[in-house]
$ cat target_19.cif   # mmCIF, C-alpha atoms and all ligand atoms
data_target
#
loop_
_atom_site.label_atom_id
_atom_site.label_comp_id
_atom_site.auth_asym_id
_atom_site.auth_seq_id
_atom_site.Cartn_x
_atom_site.Cartn_y
_atom_site.Cartn_z
CA MET I 1 26.37 10.15 12.90
CA GLN I 2 23.46 8.20 11.38
CA THR I 3 22.22 9.03 7.91
CA LEU I 4 18.60 9.87 7.16
CA ARG I 5 17.06 10.12 3.68
CA ILE I 6 13.78 11.95 3.16
CA ILE I 7 12.11 10.31 0.15
CA VAL I 8 9.46 12.45 -1.54
CA PRO I 9 7.37 11.20 -4.48
CA ALA I 10 6.15 14.17 -6.51
CA TYR I 11 3.82 14.26 -9.49
CA ASN I 12 2.70 17.61 -10.89
CA GLU I 13 3.41 19.36 -7.60
CA SER I 14 4.51 22.78 -8.86
CA GLY I 15 4.29 25.33 -6.08
CA CYS I 16 4.75 22.63 -3.43
CA ILE I 17 8.47 21.87 -3.57
CA LYS I 18 10.03 24.91 -1.85
CA PRO I 19 7.23 25.22 0.75
CA PHE I 20 7.71 21.52 1.50
CA TYR I 21 11.46 21.98 1.99
CA ASP I 22 10.94 25.11 4.13
CA ALA I 23 8.46 23.27 6.33
CA VAL I 24 10.61 20.17 6.80
CA GLU I 25 14.02 21.80 7.33
CA PRO I 26 13.39 23.15 10.87
CA PHE I 27 12.69 19.60 12.04
CA LEU I 28 15.99 18.31 10.68
CA LYS I 29 18.17 21.11 12.05
CA ASN I 30 20.20 20.37 15.20
CA LYS I 31 19.28 16.72 15.11
CA ASN I 32 21.82 14.02 15.65
CA VAL I 33 21.42 12.75 12.08
CA SER I 34 22.94 13.66 8.75
CA SER I 35 19.97 14.22 6.47
CA THR I 36 19.50 14.39 2.70
CA TYR I 37 16.46 14.68 0.46
CA LEU I 38 15.54 12.53 -2.50
CA PHE I 39 12.69 13.87 -4.60
CA VAL I 40 11.29 11.32 -7.04
CA ASP I 41 9.67 13.25 -9.86
CA ASP I 42 7.11 10.82 -11.21
CA GLY I 43 7.05 12.12 -14.79
CA SER I 44 5.54 15.52 -13.93
CA LYS I 45 4.33 17.64 -16.84
CA ASP I 46 4.51 20.93 -14.94
CA SER I 47 7.48 22.76 -13.41
CA THR I 48 8.01 20.28 -10.52
CA LEU I 49 11.41 19.09 -11.77
CA ASP I 50 12.62 22.65 -12.44
CA GLU I 51 11.61 23.62 -8.92
CA ILE I 52 13.53 20.66 -7.50
CA LYS I 53 16.59 21.66 -9.57
CA GLU I 54 16.29 25.24 -8.27
CA LEU I 55 16.21 23.90 -4.73
CA ARG I 56 19.32 21.82 -5.40
CA LYS I 57 21.13 25.03 -6.35
CA LEU I 58 20.37 26.29 -2.83
CA ASP I 59 21.12 23.07 -1.00
CA LYS I 60 23.26 20.21 -2.30
CA ARG I 61 21.58 17.85 0.19
CA VAL I 62 18.63 17.91 -2.22
CA ASN I 63 18.83 15.09 -4.77
CA TYR I 64 16.38 13.91 -7.36
CA ILE I 65 15.42 11.10 -9.67
CA SER I 66 13.11 11.95 -12.55
CA PHE I 67 11.01 9.28 -14.29
CA SER I 68 10.60 9.25 -18.06
CA ARG I 69 6.83 9.06 -17.62
CA ASN I 70 4.24 8.92 -14.87
CA SER I 71 4.71 5.48 -13.29
CA GLY I 72 2.72 5.85 -10.08
CA LYS I 73 3.51 6.69 -6.47
CA GLU I 74 4.35 3.05 -5.64
CA ALA I 75 7.07 2.98 -8.30
CA ALA I 76 8.35 6.35 -7.04
CA MET I 77 8.59 5.07 -3.46
CA TYR I 78 10.35 1.92 -4.64
CA ALA I 79 12.88 3.92 -6.68
CA GLY I 80 13.51 6.18 -3.68
CA LEU I 81 14.18 3.21 -1.40
CA LYS I 82 16.35 1.47 -3.96
CA ALA I 83 18.55 4.54 -4.14
CA SER I 84 18.67 4.72 -0.32
CA ILE I 85 19.78 1.19 0.49
CA ASN I 86 22.93 2.47 2.22
CA GLN I 87 21.11 4.92 4.46
CA ASP I 88 20.66 4.15 8.17
CA MET I 89 17.03 5.18 7.89
CA ALA I 90 14.55 6.74 5.48
CA ILE I 91 11.38 8.77 5.88
CA ILE I 92 8.85 8.53 3.06
CA MET I 93 6.49 11.49 2.88
CA ASP I 94 4.15 13.26 0.43
CA SER I 95 5.24 16.53 -1.11
CA ASP I 96 1.93 18.33 -0.52
CA LEU I 97 2.41 18.89 3.24
CA GLN I 98 -0.52 16.61 4.06
CA HIS I 99 2.03 14.64 6.08
CA PRO I 100 2.88 16.99 8.98
CA PRO I 101 6.66 17.48 9.26
CA TYR I 102 6.52 18.04 13.05
CA LEU I 103 6.14 14.25 13.40
CA ILE I 104 9.73 13.80 12.21
CA GLU I 105 11.02 14.68 15.71
CA GLU I 106 8.93 11.98 17.32
CA MET I 107 9.86 9.51 14.58
CA LEU I 108 13.56 10.03 15.24
CA LYS I 109 13.00 9.65 18.98
CA LYS I 110 11.14 6.40 18.56
CA HIS I 111 13.81 5.11 16.18
CA GLU I 112 16.43 5.86 18.83
CA GLU I 113 14.34 3.86 21.30
CA GLY I 114 14.74 0.86 19.00
CA TYR I 115 11.64 0.90 16.81
CA LYS I 116 12.49 -0.13 13.26
CA ILE I 117 9.28 1.20 11.76
CA VAL I 118 7.58 4.37 12.94
CA TYR I 119 4.45 4.62 10.82
CA THR I 120 1.57 7.05 10.92
CA LYS I 121 -2.19 6.88 11.12
CA GLN I 122 -4.75 9.53 10.41
CA SER I 123 -6.85 9.93 13.55
CA SER I 124 -10.01 11.02 11.75
CA ARG I 125 -11.21 11.00 8.17
CA LYS I 126 -13.98 13.52 8.74
CA ASN I 127 -12.62 15.99 6.19
CA GLU I 128 -12.65 13.44 3.39
CA GLY I 129 -15.66 13.06 1.12
CA PHE I 130 -18.43 10.62 1.95
CA PHE I 131 -17.54 8.18 -0.86
CA ARG I 132 -13.86 8.09 -0.01
CA ARG I 133 -14.65 7.44 3.65
CA ALA I 134 -17.18 4.73 2.85
CA TRP I 135 -14.81 3.13 0.36
CA ALA I 136 -11.96 3.13 2.92
CA LYS I 137 -14.15 1.50 5.58
CA LEU I 138 -15.44 -1.16 3.21
CA PHE I 139 -11.98 -1.85 1.83
CA TYR I 140 -10.27 -2.31 5.19
CA SER I 141 -12.95 -4.57 6.62
CA PHE I 142 -12.92 -6.69 3.43
CA PHE I 143 -9.12 -6.73 3.29
CA ASN I 144 -8.76 -7.82 6.90
CA LYS I 145 -11.24 -10.65 6.46
CA HIS I 146 -9.43 -12.08 3.47
CA ALA I 147 -5.80 -11.00 3.43
CA ASP I 148 -2.76 -13.02 4.60
CA VAL I 149 -1.75 -10.27 7.01
CA PRO I 150 -4.13 -7.81 8.68
CA MET I 151 -3.73 -4.16 7.80
CA GLU I 152 -4.56 -1.31 10.15
CA GLN I 153 -7.13 1.19 8.95
CA SER I 154 -6.09 4.76 8.13
CA THR I 155 -2.37 4.07 7.90
CA LYS I 156 -0.56 6.53 5.64
CA ASP I 157 2.45 6.22 3.36
CA TYR I 158 4.28 8.46 5.84
CA MET I 159 6.79 6.48 7.82
CA LEU I 160 10.31 6.21 9.08
CA ILE I 161 11.95 2.90 8.31
CA ASP I 162 15.27 1.55 9.49
CA ASN I 163 17.91 0.19 7.11
CA ASP I 164 16.82 -3.41 7.88
CA VAL I 165 13.29 -2.50 6.81
CA ILE I 166 14.48 -0.67 3.67
CA LYS I 167 16.20 -3.93 2.68
CA ALA I 168 13.10 -5.97 3.57
CA PHE I 169 10.91 -3.66 1.43
CA LEU I 170 13.29 -4.05 -1.48
CA ASP I 171 13.38 -7.83 -0.99
CA MET I 172 9.66 -7.92 -1.69
CA PRO I 173 9.69 -8.46 -5.44
CA ASP I 174 5.98 -7.69 -6.03
CA GLU I 175 5.48 -6.08 -9.38
CA TYR I 176 2.09 -4.64 -8.41
CA ARG I 177 3.36 -2.90 -5.32
CA PHE I 178 1.11 -2.11 -2.39
CA THR I 179 3.25 -0.45 0.27
CA LYS I 180 0.62 -0.63 3.02
CA GLY I 181 0.37 -4.40 2.53
CA ILE I 182 4.15 -4.75 2.38
CA LEU I 183 4.41 -2.74 5.61
CA SER I 184 2.17 -5.30 7.36
CA PHE I 185 3.86 -8.25 5.69
CA VAL I 186 7.48 -7.52 6.71
CA GLY I 187 6.86 -7.41 10.47
CA PHE I 188 9.56 -5.68 12.65
CA LYS I 189 9.17 -3.75 15.88
CA ARG I 190 6.91 -0.83 15.08
CA TYR I 191 5.29 2.18 16.62
CA ALA I 192 2.28 4.17 15.37
CA LEU I 193 1.97 7.94 15.55
CA GLU I 194 -1.39 9.60 14.98
CA PHE I 195 -2.15 12.88 13.29
CA GLU I 196 -5.23 14.85 12.32
CA TYR I 197 -6.17 15.14 8.65
CA VAL I 198 -4.51 18.12 6.96
CA ASP I 199 -6.07 19.75 3.88
CA ARG I 200 -4.05 20.21 0.71
CA THR I 201 -3.20 23.89 0.31
CA VAL I 202 -1.69 23.76 -3.19
CA GLY I 203 -2.77 21.63 -6.18
CA LYS I 204 -5.24 18.77 -5.96
CA SER I 205 -5.25 15.06 -5.15
CA LYS I 206 -4.04 12.78 -7.96
CA TRP I 207 -6.44 10.07 -6.89
CA ASN I 208 -9.98 9.61 -8.11
CA PHE I 209 -12.44 6.88 -7.18
CA LYS I 210 -11.54 4.71 -10.20
CA LYS I 211 -7.81 4.88 -9.40
CA LEU I 212 -8.46 4.11 -5.72
CA LEU I 213 -10.68 1.14 -6.60
CA LYS I 214 -8.05 -0.27 -8.96
CA TYR I 215 -5.32 0.24 -6.37
CA GLY I 216 -7.38 -1.39 -3.62
CA VAL I 217 -8.39 -4.43 -5.70
CA SER I 218 -4.81 -4.91 -6.87
CA GLY I 219 -3.56 -4.65 -3.25
CA LEU I 220 -6.11 -7.17 -2.05
CA ASN I 221 -5.19 -9.50 -4.89
CA GLN I 222 -1.50 -9.24 -3.96
CA PHE I 223 -2.06 -10.26 -0.35
CA SER I 224 -4.93 -12.75 -0.51
CA ASP I 225 -6.47 -15.58 -2.53
CA ILE I 226 -9.66 -13.56 -2.69
CA PHE I 227 -10.88 -14.70 -6.12
CA LEU I 228 -11.33 -18.27 -4.81
CA VAL I 229 -14.47 -16.90 -3.26
CA VAL I 230 -16.18 -16.64 -6.71
CA PRO I 231 -16.29 -20.36 -7.66
CA THR I 232 -17.08 -21.19 -4.01
CA ILE I 233 -20.16 -18.97 -4.01
CA VAL I 234 -21.31 -20.15 -7.47
CA SER I 235 -21.00 -23.84 -6.49
CA ILE I 236 -22.97 -23.27 -3.28
CA LEU I 237 -25.69 -21.45 -5.24
CA SER I 238 -25.81 -24.22 -7.86
CA PHE I 239 -26.12 -26.80 -5.11
CA LEU I 240 -29.02 -24.86 -3.60
CA VAL I 241 -30.75 -24.70 -7.02
CA ALA I 242 -30.32 -28.48 -7.42
CA VAL I 243 -31.88 -29.12 -3.99
CA SER I 244 -34.75 -26.70 -4.64
CA SER I 245 -35.47 -28.30 -8.00
CA VAL I 246 -36.00 -31.64 -6.22
CA VAL I 247 -38.32 -29.95 -3.68
CA ILE I 248 -40.42 -28.10 -6.25
CA PHE I 249 -40.67 -31.26 -8.39
CA CYS I 250 -41.91 -33.25 -5.36
CA LEU I 251 -44.48 -30.52 -4.70
CA ASN I 252 -45.67 -30.93 -8.31
CA ILE I 253 -44.84 -27.32 -9.18
CA ILE I 254 -42.78 -28.32 -12.25
CA ASN I 255 -43.04 -31.28 -14.61
CA LEU I 256 -40.46 -34.03 -15.06
CA GLU I 257 -38.88 -32.45 -18.15
CA ALA I 258 -38.32 -29.06 -16.46
CA PHE I 259 -37.05 -30.80 -13.35
CA LEU I 260 -34.46 -32.82 -15.28
CA ILE I 261 -33.23 -29.74 -17.17
CA LEU I 262 -32.95 -27.69 -13.95
CA LEU I 263 -31.26 -30.49 -12.01
CA SER I 264 -28.72 -31.39 -14.70
CA THR I 265 -27.84 -27.73 -15.41
CA SER I 266 -27.30 -26.90 -11.75
CA ILE I 267 -25.21 -30.04 -11.14
CA LEU I 268 -23.14 -29.23 -14.23
CA PHE I 269 -22.62 -25.68 -12.96
CA MET I 270 -21.63 -26.95 -9.55
CA LEU I 271 -19.08 -29.42 -10.95
CA THR I 272 -17.63 -26.81 -13.32
CA ASN I 273 -17.14 -24.36 -10.48
CA ILE I 274 -15.59 -26.95 -8.18
CA THR I 275 -13.13 -27.68 -11.01
CA LEU I 276 -12.57 -23.94 -11.45
CA TYR I 277 -11.84 -23.65 -7.72
CA PHE I 278 -9.05 -26.22 -7.98
CA ILE I 279 -7.61 -24.63 -11.13
CA LEU I 280 -7.55 -21.24 -9.36
CA TYR I 281 -6.04 -22.85 -6.28
CA VAL I 282 -3.19 -24.27 -8.36
CA LEU I 283 -2.69 -20.89 -10.05
CA TYR I 284 -2.49 -19.15 -6.67
CA SER I 285 0.05 -21.71 -5.42
CA ASN I 286 2.10 -21.14 -8.58
CA ARG I 287 1.91 -17.40 -8.06
CA ARG I 288 3.35 -17.79 -4.58
CA GLU I 289 6.22 -19.78 -6.06
CA THR I 290 6.93 -17.35 -8.88
CA MET I 291 6.62 -14.25 -6.69
CA LYS I 292 9.58 -15.47 -4.63
CA ARG I 293 8.69 -13.44 -1.57
CA PRO I 294 11.15 -13.99 1.29
CA LEU I 295 10.02 -16.64 3.77
CA TYR I 296 11.12 -14.46 6.72
CA PHE I 297 12.96 -11.28 7.62
CA ILE I 298 15.59 -11.32 10.37
CA GLU I 299 15.21 -8.58 12.98
CA GLU I 300 18.07 -9.64 15.30
CA THR I 301 20.72 -12.34 15.49
CA SER I 302 23.80 -13.14 17.56
CA LEU I 303 25.60 -14.44 14.46
CA ASP I 304 28.15 -12.24 12.76
CA GLU I 305 28.01 -13.67 9.28
N1 LIG P 401 2.14 11.00 -6.53
C1 LIG P 401 3.09 10.41 -7.35
N2 LIG P 401 2.65 9.80 -8.50
C2 LIG P 401 1.33 9.71 -8.83
C3 LIG P 401 0.39 10.27 -7.95
C4 LIG P 401 0.82 10.91 -6.80
O1 LIG P 401 4.29 10.48 -7.10
O2 LIG P 401 1.02 9.14 -9.89
C5 LIG P 401 2.60 11.69 -5.31
C6 LIG P 401 2.05 13.10 -5.13
O3 LIG P 401 2.84 14.07 -5.79
C7 LIG P 401 2.06 13.28 -3.61
C8 LIG P 401 1.77 11.85 -3.13
O4 LIG P 401 2.11 10.98 -4.19
O5 LIG P 401 3.33 13.68 -3.14
C9 LIG P 401 0.34 11.67 -2.72
O6 LIG P 401 -0.51 12.04 -3.79
P1 LIG P 401 -1.88 12.81 -3.56
O7 LIG P 401 -1.67 13.99 -2.67
O8 LIG P 401 -2.48 13.08 -4.90
O9 LIG P 401 -2.74 11.70 -2.81
P2 LIG P 401 -3.73 11.88 -1.55
O10 LIG P 401 -3.03 12.74 -0.54
O11 LIG P 401 -4.94 12.51 -2.08
O12 LIG P 401 -3.93 10.48 -1.07
MG MG P 402 -2.09 14.46 -0.75
#
$ encode --input "target_19.cif" --output "structure tokens" --more "lines below"
Ligand code: UDP
Ligand code: MG
Amino acid sequence: MQTLRIIVPAYNESGCIKPFYDAVEPFLKNKNVSSTYLFVDDGSKDSTLDEIKELRKLDKRVNYISFSRNSGKEAAMYAGLKASINQDMAIIMDSDLQHPPYLIEEMLKKHEEGYKIVYTKQSSRKNEGFFRRAWAKLFYSFFNKHADVPMEQSTKDYMLIDNDVIKAFLDMPDEYRFTKGILSFVGFKRYALEFEYVDRTVGKSKWNFKKLLKYGVSGLNQFSDIFLVVPTIVSILSFLVAVSSVVIFCLNIINLEAFLILLSTSILFMLTNITLYFILYVLYSNRRETMKRPLYFIEETSLDE
């Protein structure tokens, strides 16, 4: 029988743990898999860990890891995967029941059909606030224009991944982890399931606009050379100023002294930014080297070794 690990990051989720377990259990019963839970308590300050320990008293399939301090959901997911490297498959899901457990059945079915990743997408964002929706739209369009690998909009950190994919995720050594980017980067045969937005019933979201912005910018930075755009734009602007200074001098709008100052400053700016572009380019190349991301991930082979 194949093994399945349910990985659940949880930060200050008191009141959510038992309801989460009760909601998920029916979808694991009578399935052809041997399932266990791994709660990753991300340094909660409330009774989350106690509630997980209580649950473990009821069911020894419930395991936990507890962080010494709040280290972020990405670190929690990574720790969960690291501890699940020997599992045939893992499902990562939130503890607040915003990731509907009924999808587990379909995930298992698709995995049986041979899909190594069964990920999820939220079919509408209409229940989210205006700013969050606008930010998401802007972020995805910007990301997909500039990133190394395109990322689908509205994907959630709710997914089933096969053992090969668990290993691929762990092989990605990124310190600033961005699971949605990693999900796109690793490839593998995948299938998307859609679900309608579900409101949180207990507690509140741990994300605010500032945290989301930081997370998004860091994710974009991890998967693109986006900051090269800054010296490019400044050099183009400086070039345009240099050209306009010639035009306005010829039209007698400025005197020779002003013209020379404007022209030399803009040329200097342009040259500095071209130099900056190359320095950044070298830094980005070095980053690729030092990151040591795998060059490829093998999905199938006829070789034994
Ligand atoms: N979470 C975490 N560490 C954090 C923030 C959140 O482990 O620093 C967990 C949280 O307990 C929940 C999941 O990540 O299980 C998603 O968090 P949240 O519901 O706040 O995010 P949202 O659903 O609003 O995107
Ligand atoms: Mg949530």
$ closest_residue --input "target_19.cif" --among "I:Lys211, I:Lys109, I:Arg287, I:Lys53" --to "Leu193 (chain I)" --atoms "all atoms listed in the file"
I:Lys109
$ atom_distance --input "target_19.cif" --atom1 "CA of Lys110 (chain I)" --atom2 "CA of Ala192 (chain I)"
9.7 Å
$ residues_around --input "target_19.cif" --residues "Asp162 (chain I)" --least-positions-apart "4" --cutoff "7 Å" --atoms "only C-alpha atoms" --output "PyMOL selection string"
chain I and resi 88-90+116-117+166
$ residues_around --input "target_19.cif" --residues "Leu237 (chain I)" --least-positions-apart "3" --cutoff "12 Å" --atoms "only C-alpha atoms" --output "compact mmCIF listing (two decimals) with C-alpha atoms, in the frame of the given file"
# COMPACT_ATOMS: atom_id res chain seq x y z
CA VAL I 230 -16.18 -16.64 -6.71
CA PRO I 231 -16.29 -20.36 -7.66
CA THR I 232 -17.08 -21.19 -4.01
CA ILE I 233 -20.16 -18.97 -4.01
CA VAL I 234 -21.31 -20.15 -7.47
CA LEU I 240 -29.02 -24.86 -3.60
CA VAL I 241 -30.75 -24.70 -7.02
CA ALA I 242 -30.32 -28.48 -7.42
CA VAL I 243 -31.88 -29.12 -3.99
CA SER I 244 -34.75 -26.70 -4.64
CA SER I 266 -27.30 -26.90 -11.75
CA ILE I 267 -25.21 -30.04 -11.14
CA PHE I 269 -22.62 -25.68 -12.96
CA MET I 270 -21.63 -26.95 -9.55
CA LEU I 271 -19.08 -29.42 -10.95
CA ASN I 273 -17.14 -24.36 -10.48
CA ILE I 274 -15.59 -26.95 -8.18
$ residues_near_ligand --input "target_19.cif" --ligand "ligand MG 402 (chain P)" --cutoff "6 Å" --atoms "only C-alpha atoms and all ligand atoms" --output "number ranges by chain"
I: 96, 98, 205
$ atom_distance --input "target_19.cif" --atom1 "CA of Phe249 (chain I)" --atom2 "CA of Thr272 (chain I)"
24.0 Å
$ closest_atom_pairs --input "target_19.cif" --of "region 180-288 of chain I" --to "region 293-301 of chain I" --cutoff "10 Å" --atoms "all atoms listed in the file" --output "tab-separated table"
residue	atom	partner	partner_atom	distance
I:Phe185	CA	I:Tyr296	CA	9.6
I:Val186	CA	I:Phe297	CA	6.7
I:Gly187	CA	I:Phe297	CA	7.8
I:Phe188	CA	I:Glu299	CA	6.4
I:Lys189	CA	I:Glu299	CA	8.3
I:Arg288	CA	I:Arg293	CA	7.5
$ closest_atom_pairs --input "target_19.cif" --of "chain I" --to "ligand LIG 401 (chain P)" --cutoff "9 Å" --atoms "only C-alpha atoms and all ligand atoms" --output "CSV"
residue,atom,partner,partner_atom,distance
I:Val8,CA,P:LIG401,O5,6.5
I:Pro9,CA,P:LIG401,O1,4.1
I:Ala10,CA,P:LIG401,O3,3.4
I:Tyr11,CA,P:LIG401,O3,3.8
I:Asn12,CA,P:LIG401,O3,6.2
I:Glu13,CA,P:LIG401,O3,5.6
I:Val40,CA,P:LIG401,O1,7.1
I:Asp41,CA,P:LIG401,O1,6.7
I:Asp42,CA,P:LIG401,O1,5.0
I:Gly43,CA,P:LIG401,N2,8.0
I:Ser44,CA,P:LIG401,N2,8.4
I:Asn70,CA,P:LIG401,O2,5.9
I:Ser71,CA,P:LIG401,O2,6.2
I:Gly72,CA,P:LIG401,O2,3.7
I:Lys73,CA,P:LIG401,N2,3.8
I:Glu74,CA,P:LIG401,N2,7.5
I:Ala75,CA,P:LIG401,O1,8.1
I:Ala76,CA,P:LIG401,O1,5.8
I:Met77,CA,P:LIG401,O1,7.8
I:Met93,CA,P:LIG401,O5,7.1
I:Asp94,CA,P:LIG401,O5,3.7
I:Ser95,CA,P:LIG401,O5,4.0
I:Asp96,CA,P:LIG401,O5,5.5
I:Leu97,CA,P:LIG401,O5,8.3
I:Gln98,CA,P:LIG401,O10,6.5
I:His99,CA,P:LIG401,O10,8.5
I:Lys156,CA,P:LIG401,O12,8.5
I:Asp157,CA,P:LIG401,C9,8.4
I:Asp199,CA,P:LIG401,O10,8.8
I:Arg200,CA,P:LIG401,O7,7.5
I:Gly203,CA,P:LIG401,O7,8.5
I:Lys204,CA,P:LIG401,O8,6.4
I:Ser205,CA,P:LIG401,O8,3.4
I:Lys206,CA,P:LIG401,O8,3.4
I:Trp207,CA,P:LIG401,O8,5.4
I:Asn208,CA,P:LIG401,O11,8.4
$ atom_distance --input "target_19.cif" --atom1 "CA of Asn221 (chain I)" --atom2 "CA of Tyr115 (chain I)"
29.4 Å
$ residues_around --input "target_19.cif" --residues "Gly181 (chain I)" --least-positions-apart "4" --cutoff "8 Å" --atoms "only C-alpha atoms" --output "PyMOL selection string"
chain I and resi 149+151+185+219+223
$ residues_around --input "target_19.cif" --residues "region 195-197 of chain I" --least-positions-apart "4" --cutoff "12 Å" --atoms "only C-alpha atoms" --output "list in words"
Leu97, Gln98, His99, Pro100, Pro101, Tyr102, Leu103, Ile104, Glu106, Tyr119, Thr120, Lys121, Gln122, Ser123, Ser124, Arg125, Lys126, Asn127, Glu128, Ser154, Thr155, Lys156 and Tyr158 of chain I
$ residues_around --input "target_19.cif" --residues "Tyr21 (chain I)" --least-positions-apart "2" --cutoff "12 Å" --atoms "only C-alpha atoms" --output "PyMOL selection string"
chain I and resi 6-8+15-19+23-28+36-39+51-52+54-56+58-59+61-62+93-97+101
$ closest_residue --input "target_19.cif" --among "I:Ile253, I:Leu280, I:Trp135, I:Val165" --to "Gly216 (chain I)" --atoms "all atoms listed in the file"
I:Trp135
$ decode --input "target_19.cif" --residues "region 102-120 of chain I" --atoms "N, CA and C atoms" --output "PDB file, in the first residue's frame"
ATOM      1  N   TYR I 102     -12.542  17.748   0.305  1.00  0.00           N
ATOM      2  CA  TYR I 102     -13.166  16.811  -0.648  1.00  0.00           C
ATOM      3  C   TYR I 102     -12.309  16.620  -1.893  1.00  0.00           C
ATOM      4  N   LEU I 103     -11.395  17.572  -2.170  1.00  0.00           N
ATOM      5  CA  LEU I 103     -10.538  17.441  -3.351  1.00  0.00           C
ATOM      6  C   LEU I 103      -9.523  16.303  -3.229  1.00  0.00           C
ATOM      7  N   ILE I 104      -9.309  15.840  -1.993  1.00  0.00           N
ATOM      8  CA  ILE I 104      -8.313  14.776  -1.772  1.00  0.00           C
ATOM      9  C   ILE I 104      -8.649  13.545  -2.615  1.00  0.00           C
ATOM     10  N   GLU I 105      -9.949  13.199  -2.682  1.00  0.00           N
ATOM     11  CA  GLU I 105     -10.369  12.021  -3.456  1.00  0.00           C
ATOM     12  C   GLU I 105      -9.920  12.131  -4.904  1.00  0.00           C
ATOM     13  N   GLU I 106     -10.192  13.285  -5.494  1.00  0.00           N
ATOM     14  CA  GLU I 106      -9.844  13.518  -6.887  1.00  0.00           C
ATOM     15  C   GLU I 106      -8.318  13.537  -7.067  1.00  0.00           C
ATOM     16  N   MET I 107      -7.637  14.099  -6.072  1.00  0.00           N
ATOM     17  CA  MET I 107      -6.170  14.150  -6.139  1.00  0.00           C
ATOM     18  C   MET I 107      -5.596  12.735  -6.201  1.00  0.00           C
ATOM     19  N   LEU I 108      -6.122  11.867  -5.336  1.00  0.00           N
ATOM     20  CA  LEU I 108      -5.621  10.491  -5.296  1.00  0.00           C
ATOM     21  C   LEU I 108      -5.917   9.770  -6.610  1.00  0.00           C
ATOM     22  N   LYS I 109      -7.095  10.058  -7.171  1.00  0.00           N
ATOM     23  CA  LYS I 109      -7.479   9.424  -8.435  1.00  0.00           C
ATOM     24  C   LYS I 109      -6.529   9.858  -9.553  1.00  0.00           C
ATOM     25  N   LYS I 110      -6.269  11.135  -9.598  1.00  0.00           N
ATOM     26  CA  LYS I 110      -5.382  11.656 -10.649  1.00  0.00           C
ATOM     27  C   LYS I 110      -3.962  11.127 -10.472  1.00  0.00           C
ATOM     28  N   HIS I 111      -3.540  10.980  -9.222  1.00  0.00           N
ATOM     29  CA  HIS I 111      -2.204  10.431  -8.962  1.00  0.00           C
ATOM     30  C   HIS I 111      -2.132   8.991  -9.481  1.00  0.00           C
ATOM     31  N   GLU I 112      -3.204   8.247  -9.250  1.00  0.00           N
ATOM     32  CA  GLU I 112      -3.252   6.861  -9.742  1.00  0.00           C
ATOM     33  C   GLU I 112      -3.176   6.810 -11.263  1.00  0.00           C
ATOM     34  N   GLU I 113      -3.754   7.849 -11.898  1.00  0.00           N
ATOM     35  CA  GLU I 113      -3.719   7.904 -13.366  1.00  0.00           C
ATOM     36  C   GLU I 113      -2.326   8.259 -13.881  1.00  0.00           C
ATOM     37  N   GLY I 114      -1.430   8.610 -12.994  1.00  0.00           N
ATOM     38  CA  GLY I 114      -0.051   8.879 -13.414  1.00  0.00           C
ATOM     39  C   GLY I 114       0.406  10.323 -13.290  1.00  0.00           C
ATOM     40  N   TYR I 115      -0.454  11.199 -12.794  1.00  0.00           N
ATOM     41  CA  TYR I 115      -0.015  12.590 -12.624  1.00  0.00           C
ATOM     42  C   TYR I 115       0.857  12.701 -11.381  1.00  0.00           C
ATOM     43  N   LYS I 116       2.008  13.376 -11.551  1.00  0.00           N
ATOM     44  CA  LYS I 116       2.939  13.471 -10.413  1.00  0.00           C
ATOM     45  C   LYS I 116       2.651  14.689  -9.554  1.00  0.00           C
ATOM     46  N   ILE I 117       1.980  15.660 -10.139  1.00  0.00           N
ATOM     47  CA  ILE I 117       1.559  16.832  -9.357  1.00  0.00           C
ATOM     48  C   ILE I 117       0.069  17.040  -9.618  1.00  0.00           C
ATOM     49  N   VAL I 118      -0.721  17.074  -8.563  1.00  0.00           N
ATOM     50  CA  VAL I 118      -2.117  17.485  -8.737  1.00  0.00           C
ATOM     51  C   VAL I 118      -2.256  18.753  -7.899  1.00  0.00           C
ATOM     52  N   TYR I 119      -2.265  19.894  -8.590  1.00  0.00           N
ATOM     53  CA  TYR I 119      -2.299  21.165  -7.870  1.00  0.00           C
ATOM     54  C   TYR I 119      -3.693  21.779  -7.974  1.00  0.00           C
ATOM     55  N   THR I 120      -3.897  22.868  -7.260  1.00  0.00           N
ATOM     56  CA  THR I 120      -5.244  23.431  -7.226  1.00  0.00           C
ATOM     57  C   THR I 120      -5.234  24.911  -7.589  1.00  0.00           C
TER      58      THR I 120
END
